[in-house]
>>> print(open('coords-v2.txt').read())   # compact mmCIF, C-alpha atoms
# COMPACT_ATOMS: atom_id res chain seq x y z
CA MET A 109 8.64 20.69 -32.74
CA ASN A 110 5.32 19.73 -31.23
CA LYS A 111 4.22 16.10 -31.02
CA GLU A 112 2.50 16.02 -34.42
CA ASP A 113 5.44 17.63 -36.20
CA LEU A 114 7.91 15.30 -34.50
CA THR A 115 5.89 12.22 -35.49
CA SER A 116 5.55 13.51 -39.03
CA ALA A 117 9.30 14.21 -39.29
CA TYR A 118 10.04 10.71 -38.03
CA ARG A 119 7.73 9.09 -40.59
CA ASP A 120 9.41 11.16 -43.31
CA TYR A 121 12.81 9.97 -42.02
CA ILE A 122 11.71 6.32 -42.31
CA ALA A 123 10.38 6.98 -45.84
CA CYS A 124 13.76 8.57 -46.69
CA LEU A 125 15.56 5.40 -45.52
CA ASN A 126 13.24 3.12 -47.48
CA LYS A 127 13.89 5.18 -50.63
CA GLN A 128 17.63 5.22 -49.86
CA ASP A 129 17.37 8.92 -50.60
CA TRP A 130 20.70 9.77 -48.95
CA GLN A 131 20.75 13.33 -50.29
CA LYS A 132 17.84 14.13 -47.95
CA LEU A 133 19.27 12.41 -44.87
CA SER A 134 20.65 15.67 -43.49
CA ARG A 135 17.09 17.01 -43.19
CA PHE A 136 16.44 14.43 -40.49
CA VAL A 137 19.79 13.51 -38.94
CA HIS A 138 21.95 15.90 -36.91
CA LYS A 139 25.55 16.37 -38.01
CA ASP A 140 26.68 15.25 -34.53
CA VAL A 141 24.50 12.16 -34.36
CA GLN A 142 25.46 9.39 -31.92
CA ARG A 143 24.22 5.79 -31.92
CA ASN A 144 24.40 3.72 -28.73
CA GLY A 145 27.00 6.10 -27.33
CA ARG A 146 29.19 6.07 -30.45
CA LYS A 147 29.79 9.39 -32.19
CA LEU A 148 29.09 8.63 -35.85
CA GLY A 149 28.29 12.06 -37.27
CA LEU A 150 26.11 12.40 -40.34
CA ASP A 151 28.67 10.81 -42.69
CA GLY A 152 29.24 7.83 -40.42
CA TYR A 153 25.50 7.37 -39.94
CA ARG A 154 24.93 7.44 -43.70
CA ALA A 155 27.79 4.97 -44.22
CA MET A 156 26.18 2.63 -41.66
CA LEU A 157 22.84 2.78 -43.47
CA GLU A 158 24.40 2.27 -46.89
CA LYS A 159 26.23 -0.80 -45.54
CA ASP A 160 22.93 -2.11 -44.14
CA PHE A 161 21.33 -1.94 -47.60
CA GLU A 162 24.42 -3.53 -49.16
CA ASP A 163 24.24 -6.47 -46.74
CA VAL A 164 20.44 -6.68 -46.96
CA PRO A 165 19.31 -5.69 -50.48
CA ASP A 166 15.59 -6.07 -49.65
CA LEU A 167 15.85 -4.12 -46.38
CA SER A 168 12.71 -2.17 -45.53
CA PHE A 169 11.80 -0.29 -42.35
CA LYS A 170 8.25 -0.79 -41.07
CA ILE A 171 6.96 1.03 -38.00
CA ASP A 172 5.03 -1.31 -35.69
CA LEU A 173 4.67 0.99 -32.67
CA LEU A 174 5.39 4.68 -32.35
CA VAL A 175 5.36 6.78 -29.18
CA SER A 176 6.13 10.46 -29.36
CA GLU A 177 6.90 12.87 -26.54
CA PRO A 178 9.08 15.76 -27.74
CA PRO A 179 12.03 15.78 -27.99
CA THR A 180 11.92 11.96 -27.93
CA ILE A 181 10.46 9.30 -30.23
CA ALA A 182 10.29 5.62 -29.35
CA SER A 183 9.69 3.24 -32.22
CA ARG A 184 9.37 -0.50 -32.62
CA LEU A 185 10.55 -1.32 -36.10
CA ARG A 186 9.82 -4.60 -37.86
CA PHE A 187 12.00 -6.15 -40.54
CA GLY A 188 11.29 -9.07 -42.86
CA CYS A 189 14.28 -9.56 -45.16
CA THR A 190 16.84 -11.91 -46.69
CA PRO A 191 20.39 -10.85 -45.76
CA LYS A 192 22.99 -12.12 -48.23
CA GLY A 193 25.65 -13.34 -45.81
CA GLN A 194 26.20 -12.56 -42.14
CA LEU A 195 24.00 -10.14 -40.22
CA PHE A 196 24.98 -8.97 -36.73
CA GLY A 197 27.60 -11.71 -36.83
CA LEU A 198 24.98 -14.40 -37.49
CA PRO A 199 25.22 -16.68 -40.58
CA VAL A 200 21.90 -15.86 -42.26
CA ASN A 201 23.19 -16.61 -45.80
CA GLY A 202 20.14 -15.83 -47.87
CA ARG A 203 17.46 -17.15 -45.53
CA LYS A 204 14.35 -15.08 -44.94
CA ILE A 205 14.24 -13.73 -41.41
CA SER A 206 11.96 -11.51 -39.37
CA PHE A 207 13.01 -9.43 -36.40
CA ALA A 208 12.30 -6.27 -34.43
CA GLU A 209 14.30 -3.26 -33.28
CA ASN A 210 13.17 -1.17 -30.29
CA VAL A 211 14.75 2.23 -30.64
CA PHE A 212 14.68 5.67 -29.01
CA TYR A 213 15.58 8.87 -30.88
CA ILE A 214 16.26 12.14 -29.10
CA PHE A 215 15.95 15.18 -31.35
CA ARG A 216 17.88 18.45 -31.20
CA ASP A 217 17.32 21.36 -33.59
CA ASP A 218 14.52 19.28 -35.19
CA LYS A 219 16.96 16.49 -36.09
CA ILE A 220 17.90 13.08 -34.68
CA GLU A 221 20.92 13.54 -32.42
CA LEU A 222 20.92 10.53 -30.07
CA VAL A 223 19.85 7.00 -30.98
CA TRP A 224 19.51 4.21 -28.43
CA SER A 225 18.76 1.01 -30.29
CA VAL A 226 18.38 -2.64 -29.31
CA ILE A 227 17.94 -5.23 -32.08
CA ASP A 228 16.34 -8.58 -31.33
CA THR A 229 19.23 -10.77 -32.44
CA VAL A 230 17.99 -13.58 -30.16
CA ALA A 231 14.93 -13.91 -32.42
CA ILE A 232 17.19 -14.24 -35.47
CA GLU A 233 19.29 -16.93 -33.74
CA ALA A 234 16.11 -18.86 -32.92
CA GLN A 235 15.00 -18.72 -36.55
CA LEU A 236 18.37 -19.90 -37.83
CA GLU A 237 18.21 -22.89 -35.49
CA HIS A 238 14.88 -23.91 -36.97
CA THR A 239 15.53 -23.41 -40.68
CA GLU A 240 17.83 -24.95 -43.24
CA ALA A 241 19.84 -22.79 -45.62
CA GLU A 242 17.66 -21.88 -48.61
CA PRO A 243 19.73 -19.54 -50.73
CA GLU A 244 17.21 -19.40 -53.59
CA ILE A 245 13.83 -19.94 -51.93
CA SER A 246 12.47 -17.81 -49.12
CA GLY A 247 11.96 -19.64 -45.84
CA ASP A 248 8.86 -19.08 -43.77
CA ALA A 249 10.44 -18.43 -40.41
CA HIS A 250 8.79 -15.82 -38.27
CA VAL A 251 9.48 -14.46 -34.81
CA MET B 85 -5.56 7.21 -17.97
CA ASN B 86 -4.09 10.48 -19.14
CA LYS B 87 -0.38 10.84 -19.78
CA GLU B 88 0.55 11.92 -16.26
CA ASP B 89 -1.42 9.10 -14.63
CA LEU B 90 0.04 6.53 -17.02
CA THR B 91 3.59 7.69 -16.31
CA SER B 92 2.91 7.67 -12.59
CA ALA B 93 1.41 4.16 -12.73
CA TYR B 94 4.45 2.93 -14.65
CA ARG B 95 6.88 4.41 -12.11
CA ASP B 96 4.87 2.74 -9.32
CA TYR B 97 5.08 -0.55 -11.26
CA ILE B 98 8.88 -0.29 -11.44
CA ALA B 99 9.03 0.53 -7.71
CA CYS B 100 6.85 -2.54 -7.07
CA LEU B 101 9.33 -4.73 -8.99
CA ASN B 102 12.32 -3.29 -7.14
CA LYS B 103 10.61 -4.04 -3.81
CA GLN B 104 9.62 -7.50 -5.06
CA ASP B 105 6.21 -6.62 -3.67
CA TRP B 106 4.41 -9.37 -5.60
CA GLN B 107 1.14 -8.91 -3.70
CA LYS B 108 0.72 -5.56 -5.45
CA LEU B 109 1.64 -6.76 -8.95
CA SER B 110 -2.02 -7.20 -9.93
CA ARG B 111 -2.54 -3.44 -9.50
CA PHE B 112 -0.26 -2.88 -12.50
CA VAL B 113 -0.35 -6.03 -14.61
CA HIS B 114 -3.44 -7.28 -16.47
CA LYS B 115 -4.57 -10.86 -15.81
CA ASP B 116 -4.21 -11.59 -19.55
CA VAL B 117 -0.74 -10.07 -19.94
CA GLN B 118 1.37 -11.14 -22.93
CA ARG B 119 5.13 -10.70 -23.38
CA ASN B 120 6.64 -10.75 -26.86
CA GLY B 121 3.57 -12.52 -28.19
CA ARG B 122 3.52 -15.18 -25.43
CA LYS B 123 0.42 -15.38 -23.25
CA LEU B 124 1.80 -15.48 -19.72
CA GLY B 125 -1.11 -14.27 -17.65
CA LEU B 126 -0.53 -12.60 -14.30
CA ASP B 127 0.73 -15.79 -12.63
CA GLY B 128 3.17 -16.56 -15.43
CA TYR B 129 4.40 -12.96 -15.45
CA ARG B 130 4.97 -13.04 -11.69
CA ALA B 131 6.78 -16.39 -11.99
CA MET B 132 9.03 -14.88 -14.68
CA LEU B 133 9.91 -11.94 -12.43
CA GLU B 134 10.52 -14.13 -9.38
CA LYS B 135 12.85 -16.30 -11.48
CA ASP B 136 14.69 -13.13 -12.62
CA PHE B 137 15.35 -12.15 -9.00
CA GLU B 138 16.38 -15.72 -8.14
CA ASP B 139 18.93 -15.73 -10.99
CA VAL B 140 20.04 -12.16 -10.29
CA PRO B 141 19.82 -11.47 -6.54
CA ASP B 142 20.93 -7.81 -6.91
CA LEU B 143 18.54 -7.11 -9.82
CA SER B 144 17.29 -3.54 -9.88
CA PHE B 145 15.24 -1.74 -12.54
CA LYS B 146 16.36 1.81 -13.38
CA ILE B 147 14.48 3.94 -15.89
CA ASP B 148 16.88 5.70 -18.28
CA LEU B 149 14.33 7.04 -20.79
CA LEU B 150 10.55 7.16 -20.58
CA VAL B 151 8.11 8.16 -23.32
CA SER B 152 4.40 8.14 -22.62
CA GLU B 153 1.53 8.36 -25.06
CA PRO B 154 -1.58 6.63 -23.69
CA PRO B 155 -2.25 3.76 -23.87
CA THR B 156 1.46 3.10 -24.55
CA ILE B 157 4.66 3.57 -22.56
CA ALA B 158 8.13 3.14 -24.03
CA SER B 159 10.95 2.74 -21.54
CA ARG B 160 14.68 2.22 -21.74
CA LEU B 161 15.67 0.32 -18.64
CA ARG B 162 19.23 0.05 -17.38
CA PHE B 163 20.59 -2.82 -15.32
CA GLY B 164 23.88 -3.15 -13.46
CA CYS B 165 23.99 -6.50 -11.70
CA THR B 166 25.88 -9.73 -10.94
CA PRO B 167 23.90 -12.77 -12.16
CA LYS B 168 24.86 -15.96 -10.31
CA GLY B 169 25.09 -18.35 -13.26
CA GLN B 170 23.73 -18.10 -16.79
CA LEU B 171 21.66 -15.14 -17.94
CA PHE B 172 19.82 -15.25 -21.27
CA GLY B 173 21.88 -18.35 -22.02
CA LEU B 174 25.16 -16.49 -21.45
CA PRO B 175 27.72 -17.72 -18.86
CA VAL B 176 27.91 -14.66 -16.64
CA ASN B 177 28.81 -16.65 -13.50
CA GLY B 178 29.04 -13.90 -10.92
CA ARG B 179 30.62 -11.20 -13.07
CA LYS B 180 29.26 -7.66 -12.86
CA ILE B 181 27.52 -6.68 -16.06
CA SER B 182 25.61 -3.68 -17.35
CA PHE B 183 22.97 -3.77 -20.06
CA ALA B 184 19.81 -2.10 -21.34
CA GLU B 185 16.30 -3.21 -22.22
CA ASN B 186 14.15 -1.19 -24.64
CA VAL B 187 10.55 -2.07 -23.95
CA PHE B 188 7.03 -1.03 -24.93
CA TYR B 189 3.99 -1.56 -22.70
CA ILE B 190 0.44 -1.24 -23.97
CA PHE B 191 -2.12 -0.70 -21.21
CA ARG B 192 -5.74 -1.87 -21.06
CA ASP B 193 -8.08 -1.15 -18.16
CA ASP B 194 -5.23 0.86 -16.56
CA LYS B 195 -2.96 -2.22 -16.49
CA ILE B 196 -0.09 -3.57 -18.58
CA GLU B 197 -1.53 -6.01 -21.11
CA LEU B 198 1.06 -6.23 -23.91
CA VAL B 199 4.84 -6.07 -23.48
CA TRP B 200 7.26 -5.88 -26.42
CA SER B 201 10.77 -6.12 -25.03
CA VAL B 202 14.25 -6.36 -26.55
CA ILE B 203 17.21 -6.91 -24.23
CA ASP B 204 20.70 -5.93 -25.31
CA THR B 205 22.31 -9.37 -24.99
CA VAL B 206 24.99 -8.35 -27.52
CA ALA B 207 26.32 -5.85 -24.95
CA ILE B 208 26.53 -8.62 -22.35
CA GLU B 209 28.40 -10.91 -24.76
CA ALA B 210 30.87 -8.09 -25.47
CA GLN B 211 31.49 -7.61 -21.74
CA LEU B 212 32.02 -11.32 -21.15
CA GLU B 213 34.63 -11.38 -23.92
CA HIS B 214 36.58 -8.64 -22.18
CA THR B 215 36.46 -9.79 -18.57
CA GLU B 216 37.75 -12.78 -16.66
CA ALA B 217 35.52 -14.64 -14.23
CA GLU B 218 35.55 -12.86 -10.87
CA PRO B 219 33.04 -14.69 -8.70
CA GLU B 220 33.91 -12.76 -5.54
CA ILE B 221 34.98 -9.34 -6.75
CA SER B 222 32.91 -7.10 -8.98
CA GLY B 223 34.42 -6.39 -12.40
CA ASP B 224 34.30 -2.96 -13.90
CA ALA B 225 32.89 -3.74 -17.30
CA HIS B 226 30.43 -1.27 -18.71
CA VAL B 227 28.50 -1.05 -21.97
>>> encode(input="coords-v2.txt", output="C-alpha cells")
Amino acid sequence: MNKEDLTSAYRDYIACLNKQDWQKLSRFVHKDVQRNGRKLGLDGYRAMLEKDFEDVPDLSFKIDLLVSEPPTIASRLRFGCTPKGQLFGLPVNGRKISFAENVFYIFRDDKIELVWSVIDTVAIEAQLEHTEAEPEISGDAHV
Amino acid sequence: MNKEDLTSAYRDYIACLNKQDWQKLSRFVHKDVQRNGRKLGLDGYRAMLEKDFEDVPDLSFKIDLLVSEPPTIASRLRFGCTPKGQLFGLPVNGRKISFAENVFYIFRDDKIELVWSVIDTVAIEAQLEHTEAEPEISGDAHV
C-alpha cells in the first residue's frame, strides 16, 4: 500500500474498533499478529480488544497524531474513559481518566502484523493520586 | 525540511545526545521546546538530559523504529543501561535494565519544538520483580 492507502486503512481500523465490529477485524489485522513481542494471532488480538471494552465500557480510540511511512504507521492515541475496576493493575474504580498510547504498527500483506505499544500508565497513576473515588460522578482529571 | 533532511537531522540529534555534546543541542532543539505539554525551553531540556546522564552514566539512545512525515518524526528508542539509584521513581539501584520509549517530535524552523513521549516503565517494573539487586554485576533481564 502507498502512504495514502495505509493511512486510510489505519483510520478504518480505528473506526472498526470504535464500532466493536469484530467481524471486520480480519480485514485489518494479520492472522499472525504480535503485540510487544507476544504472538497473539487474530483470535488472541480480538479477545484482548473485547476484554478492553468489557473493562472500559465507554472506551473510544481517538487519533491525536498519525505518521505514516509504509509499511509502518506511528500513532498517538488519546483516551478519555471511566474504567469500571482496575486498569493496567491500577485501581481506577469508576473514576474518569485521560491517557495516551504511543504505538507503532508494521503492516504485512496490507494488514497489521507487529504492534509496539507503550501506554502512559504514569499519567493514570498521577490522576489517581489527585482524585477521590467518584463511582457515580465523572471526575475532571486530565493529563 | 523534506523527509530525508528531517530523518537526517533527527539521527544527528540522537548522535549529539549520545556524545553529550550539549554545545550543539541548539542546532536541533527549539528555544521554546515543550515535552509532554510542559514548557521546558532549551535550557530546561538540556538540564533534563544532563540529569538523565547523571542518573544513568551508561545511557545510550538507540533507534529501533523511525517514521518520518514532515514536520513530524515518530521514533521507538531502545535503552539498555544500569541506572545508579532510582529511575522514574523505580528502585533500579545498579541493576541492568532494558526498556523502550515511543516518542513523537514535531519540528518548527527545522528544530524540535514539541515532544510527546511515553516510556515503558511497566517493563522496568516487571524486570525489577524478577531480578535481585546486583550492584556490581550486570543482570541479564530483558523486556
>>> atom_distance(input="coords-v2.txt", atom1="CA of Pro191 in chain A", atom2="CA of Arg143 in chain A")
22.0 Å
>>> residues_around(input="coords-v2.txt", residues="range 156-158 of chain B", least_positions_apart="3", cutoff="12 Å", atoms="all atoms listed in the file", output="VMD selection string")
(chain A and resid 173 to 177 180 to 184 210 to 213) or (chain B and resid 85 to 95 147 to 153 161 185 to 192 194 to 202)
>>> axis_aligned_box(input="coords-v2.txt", around="range 112-119 of chain A", padding_each_side="8 Å", output="AutoDock Vina command-line options")
--center_x 6.3 --center_y 13.4 --center_z -37.5 --size_x 23.5 --size_y 24.5 --size_z 22.2
>>> atom_distance(input="coords-v2.txt", atom1="CA of Lys103 in chain B", atom2="CA of Asp116 in chain B")
22.9 Å
>>> closest_residue(input="coords-v2.txt", among="B:Glu213, B:Glu134, B:Asp127, B:Asp105", to="Ile181 in chain B", atoms="all atoms listed in the file")
B:Glu213
>>> calpha_fit_and_write(input="coords-v2.txt", fixed="chain A", moving="chain B", output="mmCIF file with C-alpha atoms, in the frame of the given file")
data_model
loop_
_atom_site.group_PDB
_atom_site.id
_atom_site.type_symbol
_atom_site.label_atom_id
_atom_site.label_comp_id
_atom_site.auth_asym_id
_atom_site.auth_seq_id
_atom_site.Cartn_x
_atom_site.Cartn_y
_atom_site.Cartn_z
ATOM 1 C CA MET B 85 8.667 20.672 -32.710
ATOM 2 C CA ASN B 86 5.339 19.726 -31.211
ATOM 3 C CA LYS B 87 4.231 16.114 -31.027
ATOM 4 C CA GLU B 88 2.499 16.034 -34.405
ATOM 5 C CA ASP B 89 5.445 17.632 -36.209
ATOM 6 C CA LEU B 90 7.914 15.294 -34.510
ATOM 7 C CA THR B 91 5.889 12.229 -35.486
ATOM 8 C CA SER B 92 5.557 13.510 -39.029
ATOM 9 C CA ALA B 93 9.302 14.214 -39.285
ATOM 10 C CA TYR B 94 10.055 10.707 -38.031
ATOM 11 C CA ARG B 95 7.727 9.096 -40.588
ATOM 12 C CA ASP B 96 9.417 11.165 -43.323
ATOM 13 C CA TYR B 97 12.804 9.961 -42.017
ATOM 14 C CA ILE B 98 11.710 6.320 -42.311
ATOM 15 C CA ALA B 99 10.378 6.974 -45.833
ATOM 16 C CA CYS B 100 13.748 8.556 -46.684
ATOM 17 C CA LEU B 101 15.554 5.392 -45.517
ATOM 18 C CA ASN B 102 13.231 3.117 -47.483
ATOM 19 C CA LYS B 103 13.891 5.176 -50.630
ATOM 20 C CA GLN B 104 17.623 5.211 -49.863
ATOM 21 C CA ASP B 105 17.364 8.914 -50.610
ATOM 22 C CA TRP B 106 20.689 9.760 -48.949
ATOM 23 C CA GLN B 107 20.734 13.328 -50.284
ATOM 24 C CA LYS B 108 17.839 14.122 -47.950
ATOM 25 C CA LEU B 109 19.262 12.398 -44.861
ATOM 26 C CA SER B 110 20.656 15.671 -43.485
ATOM 27 C CA ARG B 111 17.091 17.014 -43.195
ATOM 28 C CA PHE B 112 16.439 14.423 -40.480
ATOM 29 C CA VAL B 113 19.783 13.509 -38.943
ATOM 30 C CA HIS B 114 21.947 15.917 -36.922
ATOM 31 C CA LYS B 115 25.567 16.386 -38.022
ATOM 32 C CA ASP B 116 26.697 15.257 -34.544
ATOM 33 C CA VAL B 117 24.492 12.157 -34.374
ATOM 34 C CA GLN B 118 25.449 9.398 -31.923
ATOM 35 C CA ARG B 119 24.227 5.786 -31.917
ATOM 36 C CA ASN B 120 24.404 3.732 -28.733
ATOM 37 C CA GLY B 121 26.993 6.105 -27.320
ATOM 38 C CA ARG B 122 29.193 6.075 -30.459
ATOM 39 C CA LYS B 123 29.797 9.392 -32.202
ATOM 40 C CA LEU B 124 29.098 8.638 -35.851
ATOM 41 C CA GLY B 125 28.314 12.041 -37.273
ATOM 42 C CA LEU B 126 26.116 12.391 -40.338
ATOM 43 C CA ASP B 127 28.676 10.806 -42.680
ATOM 44 C CA GLY B 128 29.242 7.822 -40.408
ATOM 45 C CA TYR B 129 25.493 7.369 -39.943
ATOM 46 C CA ARG B 130 24.928 7.439 -43.704
ATOM 47 C CA ALA B 131 27.785 4.958 -44.225
ATOM 48 C CA MET B 132 26.182 2.643 -41.647
ATOM 49 C CA LEU B 133 22.840 2.776 -43.463
ATOM 50 C CA GLU B 134 24.397 2.256 -46.894
ATOM 51 C CA LYS B 135 26.242 -0.789 -45.528
ATOM 52 C CA ASP B 136 22.921 -2.108 -44.126
ATOM 53 C CA PHE B 137 21.333 -1.931 -47.582
ATOM 54 C CA GLU B 138 24.422 -3.509 -49.167
ATOM 55 C CA ASP B 139 24.237 -6.452 -46.732
ATOM 56 C CA VAL B 140 20.447 -6.673 -46.959
ATOM 57 C CA PRO B 141 19.322 -5.686 -50.472
ATOM 58 C CA ASP B 142 15.590 -6.070 -49.639
ATOM 59 C CA LEU B 143 15.857 -4.115 -46.357
ATOM 60 C CA SER B 144 12.710 -2.189 -45.523
ATOM 61 C CA PHE B 145 11.805 -0.294 -42.343
ATOM 62 C CA LYS B 146 8.241 -0.790 -41.071
ATOM 63 C CA ILE B 147 6.959 1.034 -38.005
ATOM 64 C CA ASP B 148 5.039 -1.325 -35.698
ATOM 65 C CA LEU B 149 4.672 0.984 -32.675
ATOM 66 C CA LEU B 150 5.391 4.688 -32.349
ATOM 67 C CA VAL B 151 5.357 6.782 -29.174
ATOM 68 C CA SER B 152 6.129 10.473 -29.359
ATOM 69 C CA GLU B 153 6.904 12.872 -26.552
ATOM 70 C CA PRO B 154 9.096 15.748 -27.763
ATOM 71 C CA PRO B 155 12.040 15.777 -27.984
ATOM 72 C CA THR B 156 11.922 11.950 -27.934
ATOM 73 C CA ILE B 157 10.467 9.297 -30.230
ATOM 74 C CA ALA B 158 10.289 5.615 -29.337
ATOM 75 C CA SER B 159 9.691 3.236 -32.217
ATOM 76 C CA ARG B 160 9.368 -0.501 -32.614
ATOM 77 C CA LEU B 161 10.551 -1.319 -36.097
ATOM 78 C CA ARG B 162 9.827 -4.594 -37.854
ATOM 79 C CA PHE B 163 12.002 -6.144 -40.536
ATOM 80 C CA GLY B 164 11.316 -9.069 -42.853
ATOM 81 C CA CYS B 165 14.280 -9.562 -45.155
ATOM 82 C CA THR B 166 16.859 -11.917 -46.701
ATOM 83 C CA PRO B 167 20.408 -10.836 -45.759
ATOM 84 C CA LYS B 168 23.012 -12.101 -48.236
ATOM 85 C CA GLY B 169 25.665 -13.311 -45.794
ATOM 86 C CA GLN B 170 26.215 -12.546 -42.122
ATOM 87 C CA LEU B 171 23.991 -10.139 -40.216
ATOM 88 C CA PHE B 172 24.971 -8.951 -36.736
ATOM 89 C CA GLY B 173 27.591 -11.698 -36.809
ATOM 90 C CA LEU B 174 24.971 -14.383 -37.493
ATOM 91 C CA PRO B 175 25.219 -16.665 -40.576
ATOM 92 C CA VAL B 176 21.924 -15.846 -42.249
ATOM 93 C CA ASN B 177 23.209 -16.590 -45.774
ATOM 94 C CA GLY B 178 20.154 -15.813 -47.856
ATOM 95 C CA ARG B 179 17.483 -17.148 -45.512
ATOM 96 C CA LYS B 180 14.353 -15.077 -44.932
ATOM 97 C CA ILE B 181 14.241 -13.740 -41.407
ATOM 98 C CA SER B 182 11.961 -11.503 -39.380
ATOM 99 C CA PHE B 183 13.020 -9.434 -36.392
ATOM 100 C CA ALA B 184 12.306 -6.263 -34.432
ATOM 101 C CA GLU B 185 14.298 -3.254 -33.287
ATOM 102 C CA ASN B 186 13.171 -1.178 -30.291
ATOM 103 C CA VAL B 187 14.747 2.230 -30.627
ATOM 104 C CA PHE B 188 14.682 5.671 -29.018
ATOM 105 C CA TYR B 189 15.584 8.870 -30.874
ATOM 106 C CA ILE B 190 16.259 12.144 -29.100
ATOM 107 C CA PHE B 191 15.948 15.189 -31.356
ATOM 108 C CA ARG B 192 17.882 18.465 -31.212
ATOM 109 C CA ASP B 193 17.328 21.359 -33.604
ATOM 110 C CA ASP B 194 14.521 19.293 -35.210
ATOM 111 C CA LYS B 195 16.963 16.486 -36.108
ATOM 112 C CA ILE B 196 17.893 13.090 -34.685
ATOM 113 C CA GLU B 197 20.918 13.551 -32.436
ATOM 114 C CA LEU B 198 20.920 10.535 -30.090
ATOM 115 C CA VAL B 199 19.844 6.996 -30.994
ATOM 116 C CA TRP B 200 19.508 4.205 -28.419
ATOM 117 C CA SER B 201 18.748 1.007 -30.291
ATOM 118 C CA VAL B 202 18.392 -2.655 -29.318
ATOM 119 C CA ILE B 203 17.930 -5.229 -32.077
ATOM 120 C CA ASP B 204 16.335 -8.576 -31.328
ATOM 121 C CA THR B 205 19.240 -10.778 -32.442
ATOM 122 C CA VAL B 206 17.989 -13.581 -30.162
ATOM 123 C CA ALA B 207 14.925 -13.917 -32.425
ATOM 124 C CA ILE B 208 17.194 -14.246 -35.462
ATOM 125 C CA GLU B 209 19.302 -16.925 -33.752
ATOM 126 C CA ALA B 210 16.116 -18.850 -32.914
ATOM 127 C CA GLN B 211 15.004 -18.718 -36.557
ATOM 128 C CA LEU B 212 18.379 -19.889 -37.835
ATOM 129 C CA GLU B 213 18.218 -22.886 -35.494
ATOM 130 C CA HIS B 214 14.894 -23.911 -36.991
ATOM 131 C CA THR B 215 15.539 -23.420 -40.694
ATOM 132 C CA GLU B 216 17.866 -24.952 -43.240
ATOM 133 C CA ALA B 217 19.838 -22.772 -45.627
ATOM 134 C CA GLU B 218 17.658 -21.868 -48.608
ATOM 135 C CA PRO B 219 19.700 -19.456 -50.698
ATOM 136 C CA GLU B 220 17.211 -19.365 -53.573
ATOM 137 C CA ILE B 221 13.834 -19.902 -51.955
ATOM 138 C CA SER B 222 12.451 -17.825 -49.118
ATOM 139 C CA GLY B 223 11.887 -19.714 -45.863
ATOM 140 C CA ASP B 224 8.812 -19.150 -43.800
ATOM 141 C CA ALA B 225 10.349 -18.526 -40.423
ATOM 142 C CA HIS B 226 8.722 -15.887 -38.294
ATOM 143 C CA VAL B 227 9.394 -14.533 -34.814
#
>>> closest_residue(input="coords-v2.txt", among="A:Glu233, A:Asp120, A:Asp228, A:Glu162", to="Arg186 in chain A", atoms="only C-alpha atoms")
A:Asp228
>>> build_atoms(input="coords-v2.txt", residues="range 164-175 of chain B", atoms="N, CA and C atoms", output="compact mmCIF listing (two decimals), in the coordinates of the input")
# COMPACT_ATOMS: atom_id res chain seq x y z
N GLY B 164 22.50 -2.85 -13.85
CA GLY B 164 23.88 -3.15 -13.46
C GLY B 164 23.77 -4.20 -12.38
N CYS B 165 24.27 -5.41 -12.63
CA CYS B 165 23.99 -6.50 -11.70
C CYS B 165 25.02 -7.62 -11.85
N THR B 166 24.94 -8.60 -10.95
CA THR B 166 25.88 -9.73 -10.94
C THR B 166 25.11 -11.05 -10.93
N PRO B 167 24.65 -11.49 -12.10
CA PRO B 167 23.90 -12.77 -12.16
C PRO B 167 24.76 -13.92 -11.64
N LYS B 168 24.13 -14.85 -10.93
CA LYS B 168 24.86 -15.96 -10.31
C LYS B 168 25.47 -16.90 -11.34
N GLY B 169 24.64 -17.35 -12.29
CA GLY B 169 25.09 -18.35 -13.26
C GLY B 169 24.91 -17.84 -14.67
N GLN B 170 24.03 -18.54 -15.43
CA GLN B 170 23.73 -18.10 -16.79
C GLN B 170 22.65 -17.02 -16.77
N LEU B 171 22.73 -16.11 -17.73
CA LEU B 171 21.66 -15.14 -17.94
C LEU B 171 21.43 -15.05 -19.43
N PHE B 172 20.19 -15.23 -19.85
CA PHE B 172 19.82 -15.25 -21.27
C PHE B 172 20.72 -16.24 -22.04
N GLY B 173 21.05 -17.34 -21.38
CA GLY B 173 21.88 -18.35 -22.02
C GLY B 173 23.36 -18.01 -22.06
N LEU B 174 23.75 -16.91 -21.42
CA LEU B 174 25.16 -16.49 -21.45
C LEU B 174 25.80 -16.80 -20.09
N PRO B 175 27.06 -17.31 -20.10
CA PRO B 175 27.72 -17.72 -18.86
C PRO B 175 28.31 -16.54 -18.10
